[in-house]
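Taking it in order: structure first as C-alpha cells, then the write-up.
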Amino acid sequence: PTLVSAIPANGSVDFSTEAIYLEFNERIQLDRVRDRLLVSPPLDEPPTVRIAGSRALAIRLNAPLEPNTTYTFNLGECVKDLTEGNLATGVNYVFSTGAVLDSIRVEGIVRNSLTDAPEKHMLVMLHAVGDTGAFRAGRPLYLARTREDGTFVLDHLSASEFSLFALRDKNSNFKYD
C-alpha cells in the first residue's frame, strides 16, 4: 500500500489537531499496531489507530504534543494490503507543532559485535547527551527500527547532541531491562 493523501497534509507545520486521516491506494488492514507503530519522539500515551473505510486509517492522538517539535509516525510495519498481506514499508507521516520541520538525519547499520552480521528489527534510540540513566529508566527522544539488512534512518531530528543506543526491545517499553 502507498499513502496517497493525508488530512492534515503530510509535512504540515503548526499542527494542532487531535486526529489524522490517512488514505492509501488500495484496501488495507492493520497488523499488530501496538507493537509495530513507532512514533518519534514517543508520546506519553499511544494513539488510537483504526480502519476508516476500506482504504484509510484514522489516528486519534491521546496525549498532548510538545511545542515546536517534529513528530514522525512510522506506519510501514503495521499497515498491509488486504488481499496479499504486503507491508506498506517506508510509510511515514510527519508534522511539526512549530513553524518548521526539523531536518537533521542520522543513518547507519547495526551489527552484531561478535559475528559482525547485520542485526534486523533492532530498536535504535537517541537519548539526550549526559542522561546516563535514560537507557535503563528513561524514554528516548527519537527512535527507529533496523531493516532486514541492519540499516536504520532517523529523520527529522532537532539540531542537538544525542547518545545513540540499539537494543532488541522484547517488551516494547523502549528500555534496556
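Ordered as shown in the C-alpha cells, chains take letters A, B, and onward, while each chain numbers its residues from 1 and ligands are numbered from 1 in the order shown.
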
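The protein and nucleic acid residues lying at most 12 Å from Glu66 in chain A are A:Asp14, A:Phe15, A:Ser16, A:Ser40, A:Pro41, A:Pro42, A:Leu43, A:Asp44, A:Phe95, A:Ser96, A:Thr97, A:Gly98, A:Leu141, with only C-alpha atoms considered and sequence neighbours fewer than 6 positions away removed.
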
Might you pull out every residue within 9 Å of Ser54 in chain A, with only C-alpha atoms counted and same-chain residues fewer than 4 positions away left off, and present them as number ranges by chain? A: 26-29, 82

Could those selected residues go to a file with N, CA and C atoms, as a PDB file, in the first residue's frame?
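selection12.pdb, freshly written:
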ATOM      1  N   GLU A  26      -4.928   1.305  -1.943  1.00  0.00           N
ATOM      2  CA  GLU A  26      -5.620   0.019  -2.013  1.00  0.00           C
ATOM      3  C   GLU A  26      -6.211  -0.322  -0.649  1.00  0.00           C
ATOM      4  N   ARG A  27      -7.019  -1.371  -0.617  1.00  0.00           N
ATOM      5  CA  ARG A  27      -7.657  -1.787   0.633  1.00  0.00           C
ATOM      6  C   ARG A  27      -6.585  -2.263   1.607  1.00  0.00           C
ATOM      7  N   ILE A  28      -6.739  -1.877   2.873  1.00  0.00           N
ATOM      8  CA  ILE A  28      -5.708  -2.165   3.870  1.00  0.00           C
ATOM      9  C   ILE A  28      -6.280  -2.873   5.089  1.00  0.00           C
ATOM     10  N   GLN A  29      -5.371  -3.427   5.870  1.00  0.00           N
ATOM     11  CA  GLN A  29      -5.694  -3.977   7.178  1.00  0.00           C
ATOM     12  C   GLN A  29      -4.569  -3.616   8.136  1.00  0.00           C
ATOM     13  N   LEU A  82      -4.955  -5.748   1.960  1.00  0.00           N
ATOM     14  CA  LEU A  82      -5.942  -6.728   2.379  1.00  0.00           C
ATOM     15  C   LEU A  82      -5.843  -8.043   1.605  1.00  0.00           C
TER      16      LEU A  82
END

With a distance cut-off of 8 Å and only C-alpha atoms, select the neighbouring residues of Ala166 in chain A, excluding the residue or stretch itself and same-chain residues fewer than 5 positions from it, and output the selection as number ranges by chain. A: 110, 122-125

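These are the residues of chain A assigned helix (DSSP H, G or I) by DSSP from backbone coordinates: Val33, Arg34, Asp35, Arg36, Ala134, Phe135, Arg136 and Ala137 of chain A.
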
Name the residues of range 37-122 of chain A that fall into strand (DSSP E or B) according to DSSP on the backbone, using the chain letters and numbers of this document, as a count of residues only. 34

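You can rank A:Ile51, A:Ala63, A:Val13, A:Leu164 by their closest distance to Leu126 in chain A using only C-alpha atoms, and at the top of that list sits A:Leu164.
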
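For the atom pair formed by CA of Leu75 in chain A and CA of Gly90 in chain A, the distance is 7.7 Å, given to one decimal.
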
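Nearest residue to Ile7 in chain A, choosing from A:Pro140, A:Ile104, A:Glu45, A:Ile59 and counting only C-alpha atoms: A:Ile59.
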
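Closest approach to Val100 in chain A from the set A:Gly85, A:Gly130, A:Gly53, A:Gly11 is made by A:Gly11, with distances taken over only C-alpha atoms.
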
Between A:Glu107, A:Asp35, A:Glu18, A:Asp131, smallest distance to Phe162 in chain A by only C-alpha atoms belongs to A:Asp131

Long-range neighbours of Phe135 in chain A as a short mmCIF file (atom, residue, chain, number, x, y, z; two decimals) with N, CA, C and O atoms, in the first residue's frame, 7 Å cut-off, only C-alpha atoms, 2 positions minimum in chain:
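Listed below is the output, around_15.cif:
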data_model
loop_
_atom_site.label_atom_id
_atom_site.label_comp_id
_atom_site.auth_asym_id
_atom_site.auth_seq_id
_atom_site.Cartn_x
_atom_site.Cartn_y
_atom_site.Cartn_z
N GLY A 133 21.22 7.51 32.84
CA GLY A 133 20.23 6.53 33.24
C GLY A 133 19.11 6.33 32.24
O GLY A 133 18.27 5.46 32.41
N ALA A 137 16.06 3.64 32.30
CA ALA A 137 14.87 4.12 33.00
C ALA A 137 14.07 5.16 32.23
O ALA A 137 12.88 5.30 32.46
N GLY A 138 14.70 5.91 31.34
CA GLY A 138 14.00 7.00 30.66
C GLY A 138 13.41 6.58 29.33
O GLY A 138 13.38 5.41 28.97
N LYS A 175 13.18 0.47 26.76
CA LYS A 175 14.19 0.49 27.82
C LYS A 175 15.02 -0.79 27.81
O LYS A 175 14.54 -1.85 27.43
N TYR A 176 16.26 -0.67 28.30
CA TYR A 176 17.11 -1.84 28.49
C TYR A 176 16.77 -2.45 29.84
O TYR A 176 17.16 -1.96 30.88
#

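Between CA of Leu167 in chain A and CA of Ser103 in chain A the separation is 24.8 Å.
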
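Using only C-alpha atoms, the shortest contact distance between Ser172 in chain A and any of A:Lys120, A:Arg147, A:His127, A:Arg139 is found at A:Arg139.
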
Which neighbours of Asn86 in chain A fall inside 12 Å, counting only C-alpha atoms, when residues of the same chain fewer than 3 positions from it are skipped, and could you give them as a PyMOL selection string? chain A and resi 1-2+26-31+76-83+89

Using only C-alpha atoms, the best pick from A:Val39, A:Ala9, A:Ala58, A:Val49 as closest to Tyr21 in chain A would be A:Ala58
